[in-house]
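final17.cif follows; it contains mmCIF, C-alpha atoms.
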```cif
data_coords
#
loop_
_atom_site.group_PDB
_atom_site.id
_atom_site.type_symbol
_atom_site.label_atom_id
_atom_site.label_comp_id
_atom_site.auth_asym_id
_atom_site.auth_seq_id
_atom_site.Cartn_x
_atom_site.Cartn_y
_atom_site.Cartn_z
ATOM 1 C CA MET H 1 59.346 137.034 98.130
ATOM 2 C CA HIS H 2 57.627 136.723 94.753
ATOM 3 C CA SER H 3 54.672 139.024 94.169
ATOM 4 C CA LYS H 4 53.523 136.950 91.173
ATOM 5 C CA HIS H 5 52.008 133.484 91.534
ATOM 6 C CA LEU H 6 51.340 130.744 88.990
ATOM 7 C CA ILE H 7 48.642 128.367 90.211
ATOM 8 C CA VAL H 8 49.511 125.017 88.636
ATOM 9 C CA ILE H 9 46.575 122.617 88.554
ATOM 10 C CA GLY H 10 47.876 119.132 87.924
ATOM 11 C CA GLY H 11 46.610 115.622 88.346
ATOM 12 C CA ALA H 12 45.858 112.497 86.375
ATOM 13 C CA THR H 13 43.695 112.389 83.287
ATOM 14 C CA ALA H 14 39.940 112.789 83.920
ATOM 15 C CA THR H 15 40.301 114.449 87.335
ATOM 16 C CA GLY H 16 38.474 117.626 86.290
ATOM 17 C CA LYS H 17 41.441 119.946 85.786
ATOM 18 C CA THR H 18 39.821 122.027 83.028
ATOM 19 C CA ALA H 19 36.713 122.966 85.000
ATOM 20 C CA PHE H 20 38.769 123.675 88.111
ATOM 21 C CA ALA H 21 41.222 125.849 86.176
ATOM 22 C CA ILE H 22 38.390 127.887 84.671
ATOM 23 C CA ARG H 23 36.897 128.419 88.116
ATOM 24 C CA ALA H 24 40.286 129.612 89.401
ATOM 25 C CA ALA H 25 40.817 131.900 86.403
ATOM 26 C CA LEU H 26 37.415 133.502 86.868
ATOM 27 C CA HIS H 27 37.980 133.957 90.604
ATOM 28 C CA PHE H 28 41.367 135.604 90.137
ATOM 29 C CA GLN H 29 40.312 137.362 86.914
ATOM 30 C CA THR H 30 43.241 135.935 84.985
ATOM 31 C CA GLU H 31 44.219 133.654 82.093
ATOM 32 C CA ILE H 32 44.958 129.957 81.621
ATOM 33 C CA LEU H 33 47.960 128.260 80.031
ATOM 34 C CA SER H 34 47.496 124.657 78.931
ATOM 35 C CA SER H 35 50.453 122.398 79.671
ATOM 36 C CA ASP H 36 48.746 119.370 78.121
ATOM 37 C CA SER H 37 51.083 118.523 75.252
ATOM 38 C CA ARG H 38 48.341 116.609 73.407
ATOM 39 C CA GLN H 39 45.996 119.590 73.340
ATOM 40 C CA PHE H 40 48.516 121.754 71.455
ATOM 41 C CA TYR H 41 47.475 120.211 68.136
ATOM 42 C CA LYS H 42 44.500 121.571 66.233
ATOM 43 C CA GLU H 43 43.800 118.281 64.422
ATOM 44 C CA MET H 44 43.422 116.326 67.694
ATOM 45 C CA ASN H 45 40.242 117.333 69.494
ATOM 46 C CA ILE H 46 38.045 114.541 70.782
ATOM 47 C CA GLY H 47 40.860 112.157 71.738
ATOM 48 C CA THR H 48 42.665 114.816 73.783
ATOM 49 C CA ALA H 49 39.589 115.935 75.776
ATOM 50 C CA LYS H 50 40.130 119.565 74.824
ATOM 51 C CA PRO H 51 38.045 122.235 76.542
ATOM 52 C CA THR H 52 34.723 122.786 74.796
ATOM 53 C CA GLU H 53 33.929 125.996 72.925
ATOM 54 C CA GLU H 54 31.914 127.124 75.949
ATOM 55 C CA GLU H 55 34.825 126.428 78.284
ATOM 56 C CA LEU H 56 37.291 128.239 76.029
ATOM 57 C CA ALA H 57 34.949 131.236 75.964
ATOM 58 C CA ALA H 58 34.623 131.301 79.759
ATOM 59 C CA ALA H 59 38.254 132.374 80.328
ATOM 60 C CA PRO H 60 41.222 133.247 78.092
ATOM 61 C CA HIS H 61 43.212 130.117 77.183
ATOM 62 C CA HIS H 62 46.698 129.798 75.694
ATOM 63 C CA PHE H 63 48.366 126.807 73.984
ATOM 64 C CA ILE H 64 45.162 125.106 72.852
ATOM 65 C CA SER H 65 45.098 124.134 69.146
ATOM 66 C CA HIS H 66 47.986 126.460 68.331
ATOM 67 C CA LEU H 67 49.994 123.891 66.346
ATOM 68 C CA SER H 68 49.582 121.435 63.513
ATOM 69 C CA ILE H 69 50.616 117.817 63.998
ATOM 70 C CA HIS H 70 53.043 118.442 61.119
ATOM 71 C CA GLN H 71 54.964 121.121 63.062
ATOM 72 C CA PRO H 72 57.943 120.018 65.165
ATOM 73 C CA TYR H 73 57.562 121.310 68.708
ATOM 74 C CA SER H 74 59.695 120.486 71.726
ATOM 75 C CA VAL H 75 59.296 120.964 75.437
ATOM 76 C CA GLY H 76 62.011 123.622 75.128
ATOM 77 C CA ASP H 77 59.865 125.499 72.612
ATOM 78 C CA PHE H 78 56.970 125.360 75.041
ATOM 79 C CA GLU H 79 59.142 126.593 77.911
ATOM 80 C CA ARG H 80 60.189 129.689 75.965
ATOM 81 C CA GLU H 81 56.732 130.509 74.676
ATOM 82 C CA ALA H 82 55.004 129.867 78.009
ATOM 83 C CA LEU H 83 57.454 132.109 79.897
ATOM 84 C CA ALA H 84 56.882 134.884 77.352
ATOM 85 C CA CYS H 85 53.124 134.451 77.764
ATOM 86 C CA LEU H 86 53.408 134.607 81.554
ATOM 87 C CA HIS H 87 55.535 137.744 81.314
ATOM 88 C CA GLN H 88 52.692 139.441 79.464
ATOM 89 C CA ILE H 89 50.031 138.231 81.887
ATOM 90 C CA PHE H 90 52.040 139.311 84.930
ATOM 91 C CA GLU H 91 52.361 142.841 83.564
ATOM 92 C CA THR H 92 48.750 143.442 84.571
ATOM 93 C CA ARG H 93 47.914 140.581 86.960
ATOM 94 C CA ASP H 94 49.456 139.007 90.039
ATOM 95 C CA VAL H 95 48.096 135.509 89.387
ATOM 96 C CA ALA H 96 48.052 133.194 86.361
ATOM 97 C CA VAL H 97 46.753 129.634 86.048
ATOM 98 C CA MET H 98 48.383 126.695 84.270
ATOM 99 C CA THR H 99 46.788 123.280 83.961
ATOM 100 C CA GLY H 100 47.550 119.936 82.365
ATOM 101 C CA GLY H 101 48.779 116.458 83.085
ATOM 102 C CA SER H 102 52.084 116.598 81.189
ATOM 103 C CA GLY H 103 54.533 116.670 84.082
ATOM 104 C CA LEU H 104 57.624 117.421 82.007
ATOM 105 C CA TYR H 105 55.988 120.490 80.467
ATOM 106 C CA ILE H 106 54.942 121.751 83.900
ATOM 107 C CA LYS H 107 58.476 121.222 85.175
ATOM 108 C CA ALA H 108 59.946 123.102 82.190
ATOM 109 C CA VAL H 109 57.902 126.229 82.934
ATOM 110 C CA CYS H 110 58.158 126.182 86.724
ATOM 111 C CA GLU H 111 61.758 125.046 87.156
ATOM 112 C CA GLY H 112 63.490 125.033 83.786
ATOM 113 C CA LEU H 113 65.012 122.273 81.722
ATOM 114 C CA ASN H 114 68.286 120.509 82.273
ATOM 115 C CA SER H 115 70.833 120.446 79.480
ATOM 116 C CA PHE H 116 71.563 117.042 78.001
ATOM 117 C CA PRO H 117 74.653 115.914 76.101
ATOM 118 C CA GLU H 118 74.732 115.946 72.336
ATOM 119 C CA VAL H 119 73.975 112.515 70.903
ATOM 120 C CA PRO H 120 75.998 111.538 67.820
ATOM 121 C CA GLU H 121 73.903 110.804 64.767
ATOM 122 C CA SER H 122 75.408 107.322 64.614
ATOM 123 C CA ILE H 123 73.949 106.457 68.028
ATOM 124 C CA ARG H 124 70.567 107.932 67.117
ATOM 125 C CA ALA H 125 70.585 105.746 64.005
ATOM 126 C CA GLU H 126 71.526 102.637 66.019
ATOM 127 C CA VAL H 127 68.694 103.154 68.487
ATOM 128 C CA GLN H 128 66.196 103.946 65.740
ATOM 129 C CA ASN H 129 67.264 100.810 63.885
ATOM 130 C CA MET H 130 66.744 98.704 67.018
ATOM 131 C CA TYR H 131 63.250 100.137 67.362
ATOM 132 C CA ASP H 132 62.453 99.538 63.676
ATOM 133 C CA LEU H 133 63.603 95.915 63.870
ATOM 134 C CA LYS H 134 62.545 94.848 67.355
ATOM 135 C CA GLY H 135 59.760 97.239 68.304
ATOM 136 C CA ILE H 136 59.030 99.263 71.393
ATOM 137 C CA ALA H 137 59.672 96.349 73.776
ATOM 138 C CA ALA H 138 63.397 96.511 72.980
ATOM 139 C CA LEU H 139 63.497 100.194 73.935
ATOM 140 C CA GLN H 140 61.579 99.482 77.136
ATOM 141 C CA ASP H 141 63.937 96.657 78.123
ATOM 142 C CA GLU H 142 67.091 98.696 77.513
ATOM 143 C CA LEU H 143 65.828 101.767 79.351
ATOM 144 C CA LYS H 144 64.663 99.667 82.303
ATOM 145 C CA GLN H 145 68.209 98.326 82.617
ATOM 146 C CA ALA H 146 70.046 101.607 81.948
ATOM 147 C CA ASP H 147 67.821 103.966 83.955
ATOM 148 C CA PRO H 148 65.183 102.321 86.179
ATOM 149 C CA ASP H 149 64.327 105.675 87.799
ATOM 150 C CA TYR H 150 63.320 107.316 84.530
ATOM 151 C CA PHE H 151 61.662 104.102 83.342
ATOM 152 C CA ALA H 152 59.371 104.231 86.388
ATOM 153 C CA GLU H 153 57.925 107.610 85.383
ATOM 154 C CA VAL H 154 58.159 107.877 81.583
ATOM 155 C CA ASP H 155 55.247 107.046 79.302
ATOM 156 C CA THR H 156 56.564 103.652 78.251
ATOM 157 C CA ASN H 157 54.225 103.589 75.254
ATOM 158 C CA ASN H 158 55.750 106.779 73.823
ATOM 159 C CA PRO H 159 58.530 105.690 71.445
ATOM 160 C CA ALA H 160 59.866 109.231 70.977
ATOM 161 C CA ARG H 161 60.565 109.584 74.711
ATOM 162 C CA LEU H 162 62.140 106.130 74.869
ATOM 163 C CA LEU H 163 64.294 106.690 71.777
ATOM 164 C CA ARG H 164 65.693 109.902 73.221
ATOM 165 C CA ALA H 165 66.370 108.463 76.680
ATOM 166 C CA VAL H 166 68.061 105.316 75.380
ATOM 167 C CA ALA H 167 70.188 107.357 72.973
ATOM 168 C CA VAL H 168 71.329 109.688 75.779
ATOM 169 C CA CYS H 169 72.151 106.706 78.015
ATOM 170 C CA ARG H 170 74.263 105.126 75.284
ATOM 171 C CA ALA H 171 76.021 108.375 74.331
ATOM 172 C CA ALA H 172 76.819 109.471 77.889
ATOM 173 C CA GLY H 173 77.366 106.097 79.501
ATOM 174 C CA ARG H 174 75.198 107.185 82.424
ATOM 175 C CA PRO H 175 71.460 107.345 83.186
ATOM 176 C CA PHE H 176 69.261 109.850 81.365
ATOM 177 C CA SER H 177 67.815 110.923 84.741
ATOM 178 C CA SER H 178 71.271 111.921 86.033
ATOM 179 C CA PHE H 179 71.194 115.005 83.799
ATOM 180 C CA ARG H 180 68.003 116.277 85.387
ATOM 181 C CA ASN H 181 69.447 117.431 88.713
ATOM 182 C CA GLN H 182 71.484 120.437 87.622
ATOM 183 C CA PRO H 183 71.203 124.070 88.882
ATOM 184 C CA LEU H 184 68.440 125.862 86.998
ATOM 185 C CA GLU H 185 67.624 129.471 86.225
ATOM 186 C CA PRO H 186 65.355 130.949 88.936
ATOM 187 C CA ARG H 187 61.838 132.037 88.004
ATOM 188 C CA SER H 188 60.375 135.488 88.628
ATOM 189 C CA PHE H 189 57.149 133.956 89.924
ATOM 190 C CA GLN H 190 56.169 131.488 92.623
ATOM 191 C CA PRO H 191 54.482 128.275 91.458
ATOM 192 C CA VAL H 192 51.577 127.096 93.605
ATOM 193 C CA TYR H 193 51.235 123.351 93.027
ATOM 194 C CA VAL H 194 47.675 122.010 93.287
ATOM 195 C CA GLN H 195 46.957 118.365 92.491
ATOM 196 C CA LEU H 196 43.385 117.210 91.951
ATOM 197 C CA ASP H 197 42.765 113.719 93.225
ATOM 198 C CA TRP H 198 39.995 111.133 93.347
ATOM 199 C CA PRO H 199 39.825 107.734 95.035
ATOM 200 C CA ARG H 200 41.270 105.175 92.635
ATOM 201 C CA ALA H 201 37.960 103.407 91.867
ATOM 202 C CA ALA H 202 36.197 106.704 91.208
ATOM 203 C CA LEU H 203 39.018 107.891 88.928
ATOM 204 C CA TYR H 204 38.900 104.704 86.862
ATOM 205 C CA GLU H 205 35.130 105.048 86.547
ATOM 206 C CA ARG H 206 35.583 108.631 85.302
ATOM 207 C CA ILE H 207 38.184 107.444 82.777
ATOM 208 C CA ASP H 208 35.848 104.730 81.479
ATOM 209 C CA GLN H 209 33.000 107.247 81.175
ATOM 210 C CA ARG H 210 35.248 109.675 79.322
ATOM 211 C CA VAL H 211 36.285 107.023 76.780
ATOM 212 C CA THR H 212 32.623 106.127 76.220
ATOM 213 C CA GLN H 213 31.820 109.806 75.693
ATOM 214 C CA MET H 214 34.733 110.235 73.273
ATOM 215 C CA MET H 215 33.474 107.373 71.145
ATOM 216 C CA GLU H 216 29.972 108.855 71.165
ATOM 217 C CA LEU H 217 31.385 112.210 70.060
ATOM 218 C CA GLY H 218 33.125 110.649 67.065
ATOM 219 C CA LEU H 219 36.624 109.600 68.116
ATOM 220 C CA GLU H 220 36.635 106.773 65.577
ATOM 221 C CA ASP H 221 36.037 109.196 62.698
ATOM 222 C CA GLU H 222 38.640 111.629 64.045
ATOM 223 C CA ALA H 223 41.211 108.840 64.247
ATOM 224 C CA ARG H 224 40.318 107.654 60.742
ATOM 225 C CA ASP H 225 40.982 111.140 59.387
ATOM 226 C CA LEU H 226 44.377 111.126 61.118
ATOM 227 C CA TYR H 227 45.273 107.558 60.133
ATOM 228 C CA PRO H 228 47.347 108.577 57.065
ATOM 229 C CA HIS H 229 49.611 110.550 59.441
ATOM 230 C CA ARG H 230 49.897 107.846 62.111
ATOM 231 C CA HIS H 231 53.711 107.891 61.926
ATOM 232 C CA LEU H 232 53.898 111.449 63.323
ATOM 233 C CA GLN H 233 55.157 111.872 66.872
ATOM 234 C CA ALA H 234 52.062 113.828 67.945
ATOM 235 C CA LEU H 235 49.893 110.793 67.241
ATOM 236 C CA GLN H 236 51.937 108.299 69.267
ATOM 237 C CA THR H 237 49.432 108.540 72.070
ATOM 238 C CA VAL H 238 46.572 106.786 73.824
ATOM 239 C CA GLY H 239 43.221 106.994 72.071
ATOM 240 C CA TYR H 240 44.633 107.060 68.568
ATOM 241 C CA GLN H 241 47.156 104.218 68.455
ATOM 242 C CA GLU H 242 44.549 101.689 69.563
ATOM 243 C CA LEU H 243 42.161 102.758 66.809
ATOM 244 C CA PHE H 244 44.976 102.733 64.247
ATOM 245 C CA ASP H 245 45.555 99.074 65.177
ATOM 246 C CA TYR H 246 41.834 98.451 64.668
ATOM 247 C CA PHE H 247 42.029 100.047 61.221
ATOM 248 C CA ASP H 248 44.980 97.731 60.501
ATOM 249 C CA ASN H 249 42.752 94.745 61.446
ATOM 250 C CA LYS H 250 44.931 93.892 64.438
ATOM 251 C CA THR H 251 41.928 94.156 66.797
ATOM 252 C CA ASN H 252 38.184 94.636 66.556
ATOM 253 C CA LEU H 253 36.453 97.831 67.635
ATOM 254 C CA ASP H 254 35.339 96.568 71.052
ATOM 255 C CA GLU H 255 38.897 95.426 71.813
ATOM 256 C CA ALA H 256 40.294 98.799 70.686
ATOM 257 C CA VAL H 257 37.923 100.707 72.975
ATOM 258 C CA GLN H 258 38.761 98.420 75.877
ATOM 259 C CA LEU H 259 42.472 98.998 75.230
ATOM 260 C CA ILE H 260 41.926 102.769 75.233
ATOM 261 C CA ARG H 261 40.335 102.440 78.678
ATOM 262 C CA GLN H 262 43.147 100.200 79.939
ATOM 263 C CA HIS H 263 45.950 102.358 78.518
ATOM 264 C CA SER H 264 44.284 105.517 79.876
ATOM 265 C CA ARG H 265 44.254 103.964 83.350
ATOM 266 C CA ASN H 266 47.920 103.013 82.928
ATOM 267 C CA TYR H 267 48.684 106.579 81.865
ATOM 268 C CA ALA H 268 46.874 107.908 84.945
ATOM 269 C CA LYS H 269 49.045 105.678 87.143
ATOM 270 C CA ARG H 270 52.206 107.102 85.587
ATOM 271 C CA GLN H 271 50.940 110.650 86.043
ATOM 272 C CA LEU H 272 50.225 109.989 89.720
ATOM 273 C CA THR H 273 53.714 108.506 90.139
ATOM 274 C CA TRP H 274 55.204 111.729 88.728
ATOM 275 C CA PHE H 275 53.201 114.044 91.002
ATOM 276 C CA ARG H 276 53.770 111.961 94.140
ATOM 277 C CA ARG H 277 57.495 111.726 93.453
ATOM 278 C CA ASP H 278 57.834 115.505 93.557
ATOM 279 C CA GLY H 279 56.453 115.719 97.092
ATOM 280 C CA PHE H 280 55.444 119.394 96.922
ATOM 281 C CA TRP H 281 51.959 119.118 95.412
ATOM 282 C CA ARG H 282 49.078 120.065 97.700
ATOM 283 C CA VAL H 283 46.343 117.514 97.086
ATOM 284 C CA PHE H 284 42.674 118.524 96.850
ATOM 285 C CA HIS H 285 39.486 116.838 95.758
ATOM 286 C CA PRO H 286 37.794 119.035 93.126
ATOM 287 C CA ALA H 287 34.964 119.695 95.602
ATOM 288 C CA GLN H 288 37.402 121.377 98.041
ATOM 289 C CA TRP H 289 37.222 124.800 96.382
ATOM 290 C CA GLU H 290 37.122 126.824 99.609
ATOM 291 C CA ASP H 291 40.093 124.886 100.978
ATOM 292 C CA LEU H 292 42.053 125.784 97.866
ATOM 293 C CA LEU H 293 41.256 129.481 98.295
ATOM 294 C CA HIS H 294 42.415 129.383 101.917
ATOM 295 C CA PHE H 295 45.619 127.657 100.793
ATOM 296 C CA VAL H 296 46.330 130.263 98.107
ATOM 297 C CA ASP H 297 45.428 133.192 100.370
ATOM 298 C CA GLY H 298 47.932 131.922 102.938
ATOM 299 C CA LEU H 299 50.903 132.166 100.560
#
```
Just give me the structure of the file as structure tokens.
Amino acid sequence: MHSKHLIVIGGATATGKTAFAIRAALHFQTEILSSDSRQFYKEMNIGTAKPTEEELAAAPHHFISHLSIHQPYSVGDFEREALACLHQIFETRDVAVMTGGSGLYIKAVCEGLNSFPEVPESIRAEVQNMYDLKGIAALQDELKQADPDYFAEVDTNNPARLLRAVAVCRAAGRPFSSFRNQPLEPRSFQPVYVQLDWPRAALYERIDQRVTQMMELGLEDEARDLYPHRHLQALQTVGYQELFDYFDNKTNLDEAVQLIRQHSRNYAKRQLTWFRRDGFWRVFHPAQWEDLLHFVDGL
């Protein structure tokens, strides 16, 4: 039986994970790890819905704005650093909190990462060349054929994820997802999986409101400052790519904002697919605070 517990607060974008995590951290007098891979970068603030200064001051946070978009950083790097951070927290506390909507990063910390085959540089170059010539649709089509299971859950607008998966499929001659079911190193703590959930219509309304608020806070200016670096992997994400297209005169501003809303809803759908696939998340509405405490106390 583990004496240490990591309360993992997951869920789709705009479900209220930050506020809920802070409430949990204050209740258990502990610290918060962010597993939102977009919030790692100090240059990306408004478009990633980072905690406010007041929220960051309410409870100790880790992995917020600790990187530059120019620094390479993998999920394996996060796994190592997050486990080291948890080791320190658990020296004096029995509970820690982790929150974010990046399912792969949550999985890395709670379960560990599978090892994937080495991909020859020649295959990487072939796949990159296909992407350069034919665009992201070619990657999507090939991955859908080679690995429909992974295609159903991956962010299909993230070229870095697609490039890697397609390259692994080509190099190994088998699906990318087949490498993700290997024995993993056990953890010294027990994850407690809590998923925040809203009715679909309410969630989409919250997403639309968040996008409106981001624009009011200055997302367009933030994206314009980042535009010269638009090729970086960190910026291949919803909220920035749509505005980059607007700056390139591919859309107008109203169309770009509408696309941010649409792509954010699509992203939320993929997040929900990930969490539901796992089958072990205990689902709560953010208002069910007392129910959560009863659930945790019963572990």
For the file shown, report as a PyMOL selection string the outcome of the PyMOL selection byres ((chain H and resi 272) around 12) at residue level.
chain H and resi 10-13+15+101-103+152-155+195-200+203+265-271+273-279+281+283
Which residue out of H:Asn129, H:Ser177, H:Gln190, H:Ser65 has the minimum interatomic distance to H:Val296 when only C-alpha atoms are used?
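Of the candidates, the smallest distance to H:Val296 is held by H:Gln190.
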Just give me the residues with any atom within 12 Å of (50.0, 116.8, 71.3), file coordinates, counting only C-alpha atoms, written as a PDB file with C-alpha atoms, in the frame of the given file.
```
ATOM      1  CA  SER H  34      47.496 124.657  78.931  1.00  0.00           C
ATOM      2  CA  SER H  35      50.453 122.398  79.671  1.00  0.00           C
ATOM      3  CA  ASP H  36      48.746 119.370  78.121  1.00  0.00           C
ATOM      4  CA  SER H  37      51.083 118.523  75.252  1.00  0.00           C
ATOM      5  CA  ARG H  38      48.341 116.609  73.407  1.00  0.00           C
ATOM      6  CA  GLN H  39      45.996 119.590  73.340  1.00  0.00           C
ATOM      7  CA  PHE H  40      48.516 121.754  71.455  1.00  0.00           C
ATOM      8  CA  TYR H  41      47.475 120.211  68.136  1.00  0.00           C
ATOM      9  CA  LYS H  42      44.500 121.571  66.233  1.00  0.00           C
ATOM     10  CA  GLU H  43      43.800 118.281  64.422  1.00  0.00           C
ATOM     11  CA  MET H  44      43.422 116.326  67.694  1.00  0.00           C
ATOM     12  CA  ASN H  45      40.242 117.333  69.494  1.00  0.00           C
ATOM     13  CA  GLY H  47      40.860 112.157  71.738  1.00  0.00           C
ATOM     14  CA  THR H  48      42.665 114.816  73.783  1.00  0.00           C
ATOM     15  CA  ALA H  49      39.589 115.935  75.776  1.00  0.00           C
ATOM     16  CA  LYS H  50      40.130 119.565  74.824  1.00  0.00           C
ATOM     17  CA  PHE H  63      48.366 126.807  73.984  1.00  0.00           C
ATOM     18  CA  ILE H  64      45.162 125.106  72.852  1.00  0.00           C
ATOM     19  CA  SER H  65      45.098 124.134  69.146  1.00  0.00           C
ATOM     20  CA  HIS H  66      47.986 126.460  68.331  1.00  0.00           C
ATOM     21  CA  LEU H  67      49.994 123.891  66.346  1.00  0.00           C
ATOM     22  CA  SER H  68      49.582 121.435  63.513  1.00  0.00           C
ATOM     23  CA  ILE H  69      50.616 117.817  63.998  1.00  0.00           C
ATOM     24  CA  HIS H  70      53.043 118.442  61.119  1.00  0.00           C
ATOM     25  CA  GLN H  71      54.964 121.121  63.062  1.00  0.00           C
ATOM     26  CA  PRO H  72      57.943 120.018  65.165  1.00  0.00           C
ATOM     27  CA  TYR H  73      57.562 121.310  68.708  1.00  0.00           C
ATOM     28  CA  SER H  74      59.695 120.486  71.726  1.00  0.00           C
ATOM     29  CA  VAL H  75      59.296 120.964  75.437  1.00  0.00           C
ATOM     30  CA  PHE H  78      56.970 125.360  75.041  1.00  0.00           C
ATOM     31  CA  GLY H 100      47.550 119.936  82.365  1.00  0.00           C
ATOM     32  CA  GLY H 101      48.779 116.458  83.085  1.00  0.00           C
ATOM     33  CA  SER H 102      52.084 116.598  81.189  1.00  0.00           C
ATOM     34  CA  TYR H 105      55.988 120.490  80.467  1.00  0.00           C
ATOM     35  CA  ASN H 158      55.750 106.779  73.823  1.00  0.00           C
ATOM     36  CA  LEU H 232      53.898 111.449  63.323  1.00  0.00           C
ATOM     37  CA  GLN H 233      55.157 111.872  66.872  1.00  0.00           C
ATOM     38  CA  ALA H 234      52.062 113.828  67.945  1.00  0.00           C
ATOM     39  CA  LEU H 235      49.893 110.793  67.241  1.00  0.00           C
ATOM     40  CA  GLN H 236      51.937 108.299  69.267  1.00  0.00           C
ATOM     41  CA  THR H 237      49.432 108.540  72.070  1.00  0.00           C
ATOM     42  CA  VAL H 238      46.572 106.786  73.824  1.00  0.00           C
ATOM     43  CA  GLY H 239      43.221 106.994  72.071  1.00  0.00           C
ATOM     44  CA  TYR H 240      44.633 107.060  68.568  1.00  0.00           C
TER      45      TYR H 240
END
```
Please expand the PyMOL selection byres ((chain H and resi 58) around 12) into the concrete residues it hits in this file, giving the result as a ChimeraX atom specification.
/H:18-19,21-27,29-32,51-57,59-61
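Atom CA of H:Ile9 lies 29.8 Å from atom CA of H:Leu243.
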Nearby residues (all atoms listed in the file) at most 10 Å from H:Leu86, same-chain spacing under 4 positions excluded, as JSON, numbers by chain
{"H": [4, 6, 31, 32, 33, 81, 82, 90, 91, 93, 95, 96, 97, 98, 109, 188, 189]}
Which residue gives the smallest distance to H:Asp297 among H:His87, H:Leu139, H:Lys17, H:Phe28, with only C-alpha atoms counted?
H:Phe28
For a test of reading the model, state the distance in Å between atom CA of H:Ala137 and atom CA of H:Leu162, rounded to one decimal.
10.1 Å
